[in-house]
>>> print(open('final_32.pdb').read())   # PDB, C-alpha atoms (C1' of nucleotides)
ATOM      1  CA  MET A   1      40.484   0.832   8.827
ATOM      2  CA  GLU A   2      44.226   1.150   9.065
ATOM      3  CA  GLU A   3      47.373   0.578   7.118
ATOM      4  CA  ILE A   4      47.348  -3.213   6.752
ATOM      5  CA  ASP A   5      43.666  -3.367   5.864
ATOM      6  CA  ARG A   6      44.167  -0.702   3.226
ATOM      7  CA  ARG A   7      47.049  -2.681   1.823
ATOM      8  CA  ILE A   8      44.976  -5.871   1.702
ATOM      9  CA  VAL A   9      42.067  -4.119  -0.015
ATOM     10  CA  SER A  10      44.439  -2.507  -2.474
ATOM     11  CA  LEU A  11      46.041  -5.840  -3.357
ATOM     12  CA  LEU A  12      42.703  -7.584  -3.765
ATOM     13  CA  SER A  13      41.260  -4.804  -5.886
ATOM     14  CA  ARG A  14      44.161  -5.339  -8.277
ATOM     15  CA  ASN A  15      44.073  -9.125  -8.176
ATOM     16  CA  GLY A  16      40.840 -10.522  -6.826
ATOM     17  CA  ARG A  17      42.095 -14.094  -6.969
ATOM     18  CA  MET A  18      45.317 -13.545  -5.065
ATOM     19  CA  SER A  19      45.833 -16.406  -2.627
ATOM     20  CA  PHE A  20      45.835 -15.842   1.112
ATOM     21  CA  THR A  21      49.396 -17.098   1.167
ATOM     22  CA  GLU A  22      50.557 -14.436  -1.287
ATOM     23  CA  LEU A  23      48.405 -11.812   0.399
ATOM     24  CA  ALA A  24      50.019 -12.685   3.724
ATOM     25  CA  ARG A  25      53.484 -12.435   2.225
ATOM     26  CA  GLN A  26      52.835  -9.007   0.728
ATOM     27  CA  ALA A  27      51.087  -7.724   3.836
ATOM     28  CA  GLY A  28      53.786  -9.011   6.158
ATOM     29  CA  LEU A  29      51.404 -11.095   8.248
ATOM     30  CA  SER A  30      50.620 -14.737   8.851
ATOM     31  CA  VAL A  31      48.081 -16.439   6.619
ATOM     32  CA  SER A  32      45.531 -16.800   9.385
ATOM     33  CA  ALA A  33      45.773 -13.148  10.389
ATOM     34  CA  VAL A  34      45.162 -12.106   6.784
ATOM     35  CA  HIS A  35      42.344 -14.600   6.535
ATOM     36  CA  GLN A  36      40.712 -13.094   9.578
ATOM     37  CA  ARG A  37      41.065  -9.548   8.215
ATOM     38  CA  VAL A  38      39.708 -10.396   4.773
ATOM     39  CA  ARG A  39      36.649 -12.084   6.323
ATOM     40  CA  ARG A  40      36.097  -9.020   8.476
ATOM     41  CA  LEU A  41      36.498  -6.663   5.506
ATOM     42  CA  GLU A  42      33.892  -8.749   3.704
ATOM     43  CA  THR A  43      31.347  -8.855   6.512
ATOM     44  CA  ASP A  44      31.882  -5.161   7.277
ATOM     45  CA  GLY A  45      31.020  -4.322   3.664
ATOM     46  CA  VAL A  46      34.385  -2.876   2.758
ATOM     47  CA  ILE A  47      34.885  -5.605   0.162
ATOM     48  CA  THR A  48      31.507  -6.024  -1.533
ATOM     49  CA  GLY A  49      32.360  -8.859  -3.878
ATOM     50  CA  TYR A  50      34.765 -10.403  -6.338
ATOM     51  CA  VAL A  51      34.307 -10.379 -10.087
ATOM     52  CA  ALA A  52      36.069 -11.436 -13.237
ATOM     53  CA  LEU A  53      36.325  -8.567 -15.693
ATOM     54  CA  CYS A  54      35.789  -9.446 -19.311
ATOM     55  CA  ASP A  55      36.284  -7.696 -22.612
ATOM     56  CA  PRO A  56      32.838  -6.472 -23.707
ATOM     57  CA  VAL A  57      33.848  -6.599 -27.369
ATOM     58  CA  VAL A  58      34.732 -10.275 -27.222
ATOM     59  CA  ILE A  59      31.470 -11.217 -25.527
ATOM     60  CA  GLY A  60      29.483  -9.469 -28.217
ATOM     61  CA  LEU A  61      28.739  -6.077 -26.642
ATOM     62  CA  PRO A  62      31.032  -3.745 -28.600
ATOM     63  CA  LEU A  63      28.883  -0.636 -28.227
ATOM     64  CA  THR A  64      28.929   1.319 -24.960
ATOM     65  CA  ALA A  65      26.928   4.470 -24.296
ATOM     66  CA  PHE A  66      25.908   6.827 -21.533
ATOM     67  CA  VAL A  67      22.213   7.596 -21.419
ATOM     68  CA  SER A  68      21.142  10.729 -19.577
ATOM     69  CA  ILE A  69      17.570  10.717 -18.430
ATOM     70  CA  LYS A  70      15.028  13.442 -17.782
ATOM     71  CA  PRO A  71      11.484  12.547 -16.656
ATOM     72  CA  PHE A  72       8.652  14.080 -18.653
ATOM     73  CA  ASP A  73       6.813  14.630 -15.423
ATOM     74  CA  PRO A  74       9.198  16.281 -12.939
ATOM     75  CA  ALA A  75       6.901  15.290 -10.073
ATOM     76  CA  ALA A  76       6.893  11.600 -11.054
ATOM     77  CA  PRO A  77       7.926   9.040  -8.411
ATOM     78  CA  ASP A  78      11.631   8.332  -8.168
ATOM     79  CA  ASP A  79      11.458   4.587  -8.820
ATOM     80  CA  LEU A  80      13.293   4.524 -12.113
ATOM     81  CA  PRO A  81      16.171   2.341 -10.889
ATOM     82  CA  GLU A  82      13.773  -0.436  -9.850
ATOM     83  CA  ARG A  83      11.758  -0.104 -13.056
ATOM     84  CA  LEU A  84      14.932  -0.529 -15.088
ATOM     85  CA  ALA A  85      16.632  -3.115 -12.891
ATOM     86  CA  GLY A  86      15.541  -5.971 -15.122
ATOM     87  CA  VAL A  87      17.108  -4.502 -18.224
ATOM     88  CA  THR A  88      20.427  -6.314 -18.293
ATOM     89  CA  ALA A  89      21.994  -4.039 -20.913
ATOM     90  CA  ILE A  90      22.178  -1.405 -18.177
ATOM     91  CA  GLU A  91      25.473  -1.822 -16.355
ATOM     92  CA  ALA A  92      25.107   1.146 -14.028
ATOM     93  CA  CYS A  93      22.447   3.575 -12.860
ATOM     94  CA  HIS A  94      23.364   6.784 -11.071
ATOM     95  CA  SER A  95      21.084   9.484  -9.750
ATOM     96  CA  VAL A  96      22.767  12.797 -10.530
ATOM     97  CA  ALA A  97      22.582  16.507  -9.835
ATOM     98  CA  GLY A  98      22.093  18.894 -12.712
ATOM     99  CA  ASP A  99      19.854  19.290 -15.692
ATOM    100  CA  GLU A 100      19.099  15.577 -15.903
ATOM    101  CA  SER A 101      18.044  13.083 -13.251
ATOM    102  CA  TYR A 102      19.912   9.876 -14.025
ATOM    103  CA  ILE A 103      22.888   8.647 -15.947
ATOM    104  CA  LEU A 104      22.910   5.067 -17.193
ATOM    105  CA  LYS A 105      25.880   3.207 -18.595
ATOM    106  CA  VAL A 106      24.730   0.681 -21.159
ATOM    107  CA  ARG A 107      26.317  -1.975 -23.360
ATOM    108  CA  VAL A 108      24.741  -3.354 -26.499
ATOM    109  CA  ALA A 109      25.596  -5.425 -29.527
ATOM    110  CA  SER A 110      24.841  -2.867 -32.237
ATOM    111  CA  PRO A 111      23.352   0.531 -33.074
ATOM    112  CA  SER A 112      19.986  -1.060 -33.684
ATOM    113  CA  ALA A 113      20.150  -2.802 -30.308
ATOM    114  CA  LEU A 114      20.817   0.644 -28.825
ATOM    115  CA  GLU A 115      17.778   1.983 -30.635
ATOM    116  CA  ASP A 116      15.646  -0.806 -29.173
ATOM    117  CA  LEU A 117      17.078  -0.247 -25.705
ATOM    118  CA  LEU A 118      16.352   3.490 -25.771
ATOM    119  CA  GLN A 119      12.797   2.791 -26.907
ATOM    120  CA  GLN A 120      12.471   0.300 -24.051
ATOM    121  CA  ILE A 121      13.808   2.779 -21.491
ATOM    122  CA  ARG A 122      11.507   5.565 -22.665
ATOM    123  CA  THR A 123       8.515   3.245 -22.556
ATOM    124  CA  ILE A 124       9.211   1.642 -19.199
ATOM    125  CA  ALA A 125      10.061   4.861 -17.426
ATOM    126  CA  ASN A 126       8.201   7.631 -19.296
ATOM    127  CA  VAL A 127      11.317   9.728 -19.719
ATOM    128  CA  SER A 128      13.278  11.502 -22.399
ATOM    129  CA  THR A 129      16.812  10.352 -23.099
ATOM    130  CA  ARG A 130      20.025  11.913 -24.343
ATOM    131  CA  THR A 131      22.644   9.405 -25.492
ATOM    132  CA  THR A 132      26.397   9.818 -25.650
ATOM    133  CA  VAL A 133      28.079   7.052 -27.612
ATOM    134  CA  VAL A 134      31.483   5.845 -26.448
ATOM    135  CA  LEU A 135      34.030   5.752 -29.275
ATOM    136  CA  SER A 136      36.843   4.158 -27.314
ATOM    137  CA  THR A 137      37.717   3.450 -23.706
ATOM    138  CA  ALA A 138      41.237   4.352 -22.632
ATOM    139  CA  TYR A 139      40.639   2.763 -19.238
ATOM    140  CA  GLU A 140      37.815   1.852 -16.884
ATOM    141  CA  ASN A 141      37.379   0.068 -13.573
ATOM    142  CA  ARG A 142      40.754   1.288 -12.393
ATOM    143  CA  PRO A 143      41.267   0.372  -8.751
ATOM    144  CA  PRO A 144      40.940   3.279  -6.311
ATOM    145  CA  GLU A 145      43.936   4.777  -4.576
ATOM    146  CA  ILE A 146      43.617   3.398  -1.064
TER     147      ILE A 146
ATOM    148  CA  MET B   1      33.229 -18.951 -27.866
ATOM    149  CA  GLU B   2      30.388 -21.310 -27.205
ATOM    150  CA  GLU B   3      27.878 -22.303 -24.610
ATOM    151  CA  ILE B   4      30.137 -23.690 -21.883
ATOM    152  CA  ASP B   5      32.639 -20.849 -22.166
ATOM    153  CA  ARG B   6      29.846 -18.310 -21.892
ATOM    154  CA  ARG B   7      28.572 -20.102 -18.834
ATOM    155  CA  ILE B   8      32.012 -20.085 -17.220
ATOM    156  CA  VAL B   9      32.527 -16.389 -17.950
ATOM    157  CA  SER B  10      29.083 -15.602 -16.615
ATOM    158  CA  LEU B  11      29.725 -17.487 -13.387
ATOM    159  CA  LEU B  12      33.118 -15.875 -12.855
ATOM    160  CA  SER B  13      31.818 -12.389 -13.568
ATOM    161  CA  ARG B  14      29.334 -12.911 -10.739
ATOM    162  CA  ASN B  15      31.787 -14.572  -8.374
ATOM    163  CA  GLY B  16      35.402 -13.996  -9.294
ATOM    164  CA  ARG B  17      36.654 -16.291  -6.548
ATOM    165  CA  MET B  18      34.493 -19.276  -7.365
ATOM    166  CA  SER B  19      36.593 -22.431  -7.064
ATOM    167  CA  PHE B  20      37.363 -24.602 -10.068
ATOM    168  CA  THR B  21      35.588 -27.403  -8.294
ATOM    169  CA  GLU B  22      32.346 -25.431  -8.041
ATOM    170  CA  LEU B  23      32.807 -24.048 -11.536
ATOM    171  CA  ALA B  24      33.199 -27.586 -12.842
ATOM    172  CA  ARG B  25      30.064 -28.721 -11.042
ATOM    173  CA  GLN B  26      27.971 -25.878 -12.448
ATOM    174  CA  ALA B  27      29.397 -26.228 -15.933
ATOM    175  CA  GLY B  28      28.982 -29.993 -15.988
ATOM    176  CA  LEU B  29      32.631 -30.705 -16.732
ATOM    177  CA  SER B  30      35.634 -32.131 -14.955
ATOM    178  CA  VAL B  31      37.775 -29.808 -12.899
ATOM    179  CA  SER B  32      40.728 -30.000 -15.247
ATOM    180  CA  ALA B  33      38.614 -29.328 -18.320
ATOM    181  CA  VAL B  34      37.270 -26.187 -16.675
ATOM    182  CA  HIS B  35      40.762 -25.246 -15.623
ATOM    183  CA  GLN B  36      41.963 -25.538 -19.193
ATOM    184  CA  ARG B  37      39.080 -23.395 -20.487
ATOM    185  CA  VAL B  38      39.559 -20.676 -17.887
ATOM    186  CA  ARG B  39      43.266 -20.431 -18.734
ATOM    187  CA  ARG B  40      42.388 -20.167 -22.396
ATOM    188  CA  LEU B  41      39.757 -17.512 -21.720
ATOM    189  CA  GLU B  42      42.411 -15.569 -19.805
ATOM    190  CA  THR B  43      45.152 -15.810 -22.425
ATOM    191  CA  ASP B  44      42.684 -15.076 -25.225
ATOM    192  CA  GLY B  45      41.717 -11.846 -23.477
ATOM    193  CA  VAL B  46      38.107 -12.776 -22.836
ATOM    194  CA  ILE B  47      38.684 -12.594 -19.089
ATOM    195  CA  THR B  48      40.892  -9.552 -18.555
ATOM    196  CA  GLY B  49      41.371  -9.814 -14.822
ATOM    197  CA  TYR B  50      39.897 -10.424 -11.411
ATOM    198  CA  VAL B  51      39.122  -7.712  -8.899
ATOM    199  CA  ALA B  52      37.654  -7.264  -5.464
ATOM    200  CA  LEU B  53      34.965  -4.603  -5.507
ATOM    201  CA  CYS B  54      34.917  -2.304  -2.540
ATOM    202  CA  ASP B  55      32.543   0.286  -1.188
ATOM    203  CA  PRO B  56      33.965   3.682  -2.185
ATOM    204  CA  VAL B  57      32.276   5.370   0.781
ATOM    205  CA  VAL B  58      33.988   3.122   3.302
ATOM    206  CA  ILE B  59      37.421   3.639   1.783
ATOM    207  CA  GLY B  60      37.032   7.396   1.990
ATOM    208  CA  LEU B  61      35.882   8.319  -1.516
ATOM    209  CA  PRO B  62      32.209   9.154  -0.978
ATOM    210  CA  LEU B  63      31.919  11.632  -3.865
ATOM    211  CA  THR B  64      31.571  10.329  -7.423
ATOM    212  CA  ALA B  65      31.240  12.535 -10.493
ATOM    213  CA  PHE B  66      31.275  12.430 -14.264
ATOM    214  CA  VAL B  67      33.512  15.013 -15.870
ATOM    215  CA  SER B  68      32.837  15.867 -19.508
ATOM    216  CA  ILE B  69      35.770  17.384 -21.321
ATOM    217  CA  LYS B  70      36.067  19.746 -24.239
ATOM    218  CA  PRO B  71      39.525  20.843 -25.461
ATOM    219  CA  PHE B  72      40.035  24.582 -25.831
ATOM    220  CA  ASP B  73      41.933  23.899 -29.016
ATOM    221  CA  PRO B  74      39.863  21.508 -31.156
ATOM    222  CA  ALA B  75      42.959  20.660 -33.198
ATOM    223  CA  ALA B  76      45.032  19.720 -30.139
ATOM    224  CA  PRO B  77      46.624  16.260 -30.080
ATOM    225  CA  ASP B  78      44.476  13.447 -28.757
ATOM    226  CA  ASP B  79      46.750  12.352 -25.923
ATOM    227  CA  LEU B  80      44.525  13.297 -23.032
ATOM    228  CA  PRO B  81      44.146   9.745 -21.675
ATOM    229  CA  GLU B  82      47.931   9.369 -21.307
ATOM    230  CA  ARG B  83      48.283  12.831 -19.799
ATOM    231  CA  LEU B  84      45.674  11.970 -17.191
ATOM    232  CA  ALA B  85      46.680   8.342 -16.618
ATOM    233  CA  GLY B  86      48.639   9.213 -13.491
ATOM    234  CA  VAL B  87      45.688  10.876 -11.792
ATOM    235  CA  THR B  88      44.406   8.043  -9.644
ATOM    236  CA  ALA B  89      41.099   9.742  -8.812
ATOM    237  CA  ILE B  90      40.088   9.011 -12.395
ATOM    238  CA  GLU B  91      38.478   5.591 -12.492
ATOM    239  CA  ALA B  92      37.530   5.621 -16.166
ATOM    240  CA  CYS B  93      38.265   7.602 -19.309
ATOM    241  CA  HIS B  94      36.079   7.266 -22.397
ATOM    242  CA  SER B  95      36.414   9.039 -25.706
ATOM    243  CA  VAL B  96      32.903   9.936 -26.806
ATOM    244  CA  ALA B  97      30.904  11.232 -29.737
ATOM    245  CA  GLY B  98      28.955  14.423 -29.365
ATOM    246  CA  ASP B  99      29.498  17.906 -28.128
ATOM    247  CA  GLU B 100      32.305  16.918 -25.806
ATOM    248  CA  SER B 101      35.405  14.787 -26.389
ATOM    249  CA  TYR B 102      35.833  12.702 -23.246
ATOM    250  CA  ILE B 103      33.899  11.523 -20.255
ATOM    251  CA  LEU B 104      35.770  10.753 -17.056
ATOM    252  CA  LYS B 105      34.392   8.964 -14.030
ATOM    253  CA  VAL B 106      36.099  10.247 -10.901
ATOM    254  CA  ARG B 107      35.978   9.501  -7.185
ATOM    255  CA  VAL B 108      37.106  11.921  -4.510
ATOM    256  CA  ALA B 109      36.938  12.434  -0.779
ATOM    257  CA  SER B 110      35.125  15.769  -0.707
ATOM    258  CA  PRO B 111      33.843  18.732  -2.715
ATOM    259  CA  SER B 112      37.102  20.542  -2.203
ATOM    260  CA  ALA B 113      39.030  17.499  -3.428
ATOM    261  CA  LEU B 114      36.810  17.624  -6.516
ATOM    262  CA  GLU B 115      37.660  21.287  -6.950
ATOM    263  CA  ASP B 116      41.367  20.456  -6.790
ATOM    264  CA  LEU B 117      40.942  17.578  -9.213
ATOM    265  CA  LEU B 118      39.120  19.711 -11.783
ATOM    266  CA  GLN B 119      41.799  22.352 -11.514
ATOM    267  CA  GLN B 120      44.414  19.659 -12.040
ATOM    268  CA  ILE B 121      42.612  18.240 -15.086
ATOM    269  CA  ARG B 122      42.199  21.663 -16.676
ATOM    270  CA  THR B 123      45.855  22.457 -16.103
ATOM    271  CA  ILE B 124      47.292  19.146 -17.271
ATOM    272  CA  ALA B 125      45.167  18.883 -20.361
ATOM    273  CA  ASN B 126      44.266  22.461 -21.318
ATOM    274  CA  VAL B 127      40.558  21.706 -21.497
ATOM    275  CA  SER B 128      37.260  22.988 -20.200
ATOM    276  CA  THR B 129      35.220  20.689 -17.968
ATOM    277  CA  ARG B 130      31.573  20.149 -17.185
ATOM    278  CA  THR B 131      30.913  18.157 -14.027
ATOM    279  CA  THR B 132      27.891  16.082 -13.127
ATOM    280  CA  VAL B 133      27.861  15.085  -9.463
ATOM    281  CA  VAL B 134      26.467  11.669  -8.553
ATOM    282  CA  LEU B 135      23.885  11.851  -5.766
ATOM    283  CA  SER B 136      23.390   8.121  -5.344
ATOM    284  CA  THR B 137      24.204   4.946  -7.209
ATOM    285  CA  ALA B 138      21.388   2.433  -7.572
ATOM    286  CA  TYR B 139      23.780  -0.077  -9.132
ATOM    287  CA  GLU B 140      27.054  -0.214 -11.017
ATOM    288  CA  ASN B 141      29.428  -2.858 -12.351
ATOM    289  CA  ARG B 142      26.538  -5.188 -13.015
ATOM    290  CA  PRO B 143      27.763  -8.274 -14.873
ATOM    291  CA  PRO B 144      26.872  -8.365 -18.575
ATOM    292  CA  GLU B 145      24.249 -10.705 -19.949
ATOM    293  CA  ILE B 146      26.349 -13.380 -21.648
TER     294      ILE B 146
ATOM    295  C1'  DC C   1      39.206 -31.382 -25.863
ATOM    296  C1'  DA C   2      38.044 -34.335 -21.987
ATOM    297  C1'  DT C   3      39.404 -37.358 -18.181
ATOM    298  C1'  DG C   4      41.559 -39.143 -13.983
ATOM    299  C1'  DA C   5      45.184 -39.316 -10.900
ATOM    300  C1'  DA C   6      49.407 -37.471  -8.671
ATOM    301  C1'  DA C   7      51.901 -33.702  -6.579
ATOM    302  C1'  DA C   8      52.070 -29.117  -4.847
ATOM    303  C1'  DT C   9      49.649 -25.637  -2.770
ATOM    304  C1'  DC C  10      46.036 -23.556  -0.282
ATOM    305  C1'  DG C  11      41.949 -22.690   2.835
ATOM    306  C1'  DC C  12      40.438 -23.195   7.194
ATOM    307  C1'  DC C  13      40.100 -24.333  12.019
ATOM    308  C1'  DA C  14      41.693 -25.109  16.721
ATOM    309  C1'  DC C  15      44.739 -23.680  20.003
ATOM    310  C1'  DG C  16      47.960 -20.838  22.704
ATOM    311  C1'  DC C  17      49.966 -16.380  23.272
TER     312       DC C  17
ATOM    313  C1'  DG D   1      44.595  -9.648  17.268
ATOM    314  C1'  DC D   2      48.483 -12.647  15.985
ATOM    315  C1'  DG D   3      51.203 -16.971  15.053
ATOM    316  C1'  DT D   4      51.775 -22.174  14.682
ATOM    317  C1'  DG D   5      50.427 -26.508  13.215
ATOM    318  C1'  DG D   6      47.808 -29.795  10.812
ATOM    319  C1'  DC D   7      44.201 -31.838   7.882
ATOM    320  C1'  DG D   8      41.138 -31.836   4.203
ATOM    321  C1'  DA D   9      40.171 -29.409  -0.070
ATOM    322  C1'  DT D  10      41.774 -27.193  -4.070
ATOM    323  C1'  DT D  11      44.832 -26.077  -7.746
ATOM    324  C1'  DT D  12      47.868 -27.445 -11.182
ATOM    325  C1'  DT D  13      50.221 -30.496 -14.128
ATOM    326  C1'  DC D  14      50.596 -34.521 -16.848
ATOM    327  C1'  DA D  15      49.742 -38.866 -19.165
ATOM    328  C1'  DT D  16      46.288 -40.900 -21.797
ATOM    329  C1'  DG D  17      42.094 -41.686 -24.905
TER     330       DG D  17
END
>>> encode(input="final_32.pdb", output="structure tokens")
Amino acid sequence: MEEIDRRIVSLLSRNGRMSFTELARQAGLSVSAVHQRVRRLETDGVITGYVALCDPVVIGLPLTAFVSIKPFDPAAPDDLPERLAGVTAIEACHSVAGDESYILKVRVASPSALEDLLQQIRTIANVSTRTTVVLSTAYENRPPEI
Amino acid sequence: MEEIDRRIVSLLSRNGRMSFTELARQAGLSVSAVHQRVRRLETDGVITGYVALCDPVVIGLPLTAFVSIKPFDPAAPDDLPERLAGVTAIEACHSVAGDESYILKVRVASPSALEDLLQQIRTIANVSTRTTVVLSTAYENRPPEI
DNA sequence: CATGAAAATCGCCACGC
DNA sequence: GCGTGGCGATTTTCATG
């Protein structure tokens, strides 16, 4: 992937609804050339999708937390992500190195919803949890430097 | 915010480039009514932006980590987010409750780039760091349940 | 707030280089 | 791969109920 592709990806990761016309202007190419490149970036899996970001507070999920997970049985099968996939409060699930096995990022409506969620996670997955509550978010989802 | 707005936000957070025409069809409204609502959702700060998501591995940032931060001086001013804002490897910065003060999500090209980044963070902010390396990501940036 | 229609803009494809 | 041209679709605005 070279210069122009990087520029296109960078522009789209800052404004996912930028028109091909504007994209072409800022990339210094014709519209059809940009069109071709964007389609290729999509099919090649460089661009994995487009999303609208929304303020979690406004949509009723003001409480964010990171939940670190340690299985009770260290030899248990590693299928926790699938087991938890249906729990929509979980925004992200990372397998990690270190003392614990997974880190989840979760969003809920209230402390008691967090309590319920943790209970649910422990039950579904037979794990212990350690929760770090987010007090404020200075920034998140910043576009990568490409 | 009521039913139709929630539906619109939900659709756009799954496909940020969905056309107004398609949005209108799925929301059961005319195109211009949907247009009006989307503009309002944007200006009201419900929808905060649109982004293309891209595969960090493909763009040369295969290593993700969470960096937990504890200031050496507990009485130091709380301006760490601003001090670190220029460091583009930092994708997110959360102030958190608990033993540590902040959690950063970072993406780098290699272990040695991570080493440099940690050094940079410690120098800029006069803090100690604890780093949890991500081994694999089952999912992230999942749209919220609205 | 919703609608429908008009005007401007855009997405997309075919073609030639 | 890139550019040009053109047509149908989409976006955007506006007048109206």
>>> residues_around(input="final_32.pdb", residues="range 22-29 of chain A", least_positions_apart="3", cutoff="8 Å", atoms="only C-alpha atoms (C1' of nucleotides)", output="short mmCIF file (atom, residue, chain, number, x, y, z; two decimals) with C-alpha atoms, in the frame of the given file")
data_model
loop_
_atom_site.label_atom_id
_atom_site.label_comp_id
_atom_site.auth_asym_id
_atom_site.auth_seq_id
_atom_site.Cartn_x
_atom_site.Cartn_y
_atom_site.Cartn_z
CA ILE A 4 47.35 -3.21 6.75
CA ARG A 7 47.05 -2.68 1.82
CA ILE A 8 44.98 -5.87 1.70
CA LEU A 11 46.04 -5.84 -3.36
CA MET A 18 45.32 -13.54 -5.07
CA SER A 19 45.83 -16.41 -2.63
CA ALA A 33 45.77 -13.15 10.39
CA VAL A 34 45.16 -12.11 6.78
#
>>> resolve_selection(input="final_32.pdb", expression="the PyMOL selection byres ((chain D) within 10 of (chain A))", output="PyMOL selection string")
chain D and resi 1-4
>>> interface_residues(input="final_32.pdb", of="chain B", to="chain A", cutoff="6 Å", atoms="all atoms listed in the file", output="ChimeraX atom specification")
/B:12-17,46-55,91-97,133-142
>>> resolve_selection(input="final_32.pdb", expression="the PyMOL selection byres ((chain C and resi 4) around 10)", output="short mmCIF file (atom, residue, chain, number, x, y, z; two decimals) with C-alpha atoms (C1' of nucleotides), keeping the file's coordinate frame")
data_model
loop_
_atom_site.label_atom_id
_atom_site.label_comp_id
_atom_site.auth_asym_id
_atom_site.auth_seq_id
_atom_site.Cartn_x
_atom_site.Cartn_y
_atom_site.Cartn_z
CA SER B 30 35.63 -32.13 -14.96
CA SER B 32 40.73 -30.00 -15.25
"C1'" DA C 2 38.04 -34.34 -21.99
"C1'" DT C 3 39.40 -37.36 -18.18
"C1'" DA C 5 45.18 -39.32 -10.90
"C1'" DA C 6 49.41 -37.47 -8.67
"C1'" DA D 15 49.74 -38.87 -19.16
"C1'" DT D 16 46.29 -40.90 -21.80
#
>>> closest_residue(input="final_32.pdb", among="C:DA7, C:DC17, C:DC12, C:DC1", to="chain A", atoms="only C-alpha atoms (C1' of nucleotides)")
C:DC12
>>> residues_around(input="final_32.pdb", residues="DC13 in chain C", least_positions_apart="4", cutoff="12 Å", atoms="all atoms listed in the file", output="list in words")
Ser32, His35 and Gln36 of chain A; DG5, DG6, DC7 and DG8 of chain D
>>> atom_distance(input="final_32.pdb", atom1="CA of Ala75 in chain B", atom2="CA of Ile121 in chain B")
18.3 Å
>>> residues_near_point(input="final_32.pdb", point="(40.6, 22.7, -19.1)", cutoff="8 Å", atoms="all atoms listed in the file", output="NGL selection string")
:B and (69-72 or 119 or 121-129)
>>> closest_residue(input="final_32.pdb", among="A:Glu2, A:Gly86, A:Pro74, A:Phe20", to="chain C", atoms="all atoms listed in the file")
A:Phe20
>>> atom_distance(input="final_32.pdb", atom1="CA of Gln120 in chain B", atom2="CA of Ser68 in chain A")
26.0 Å
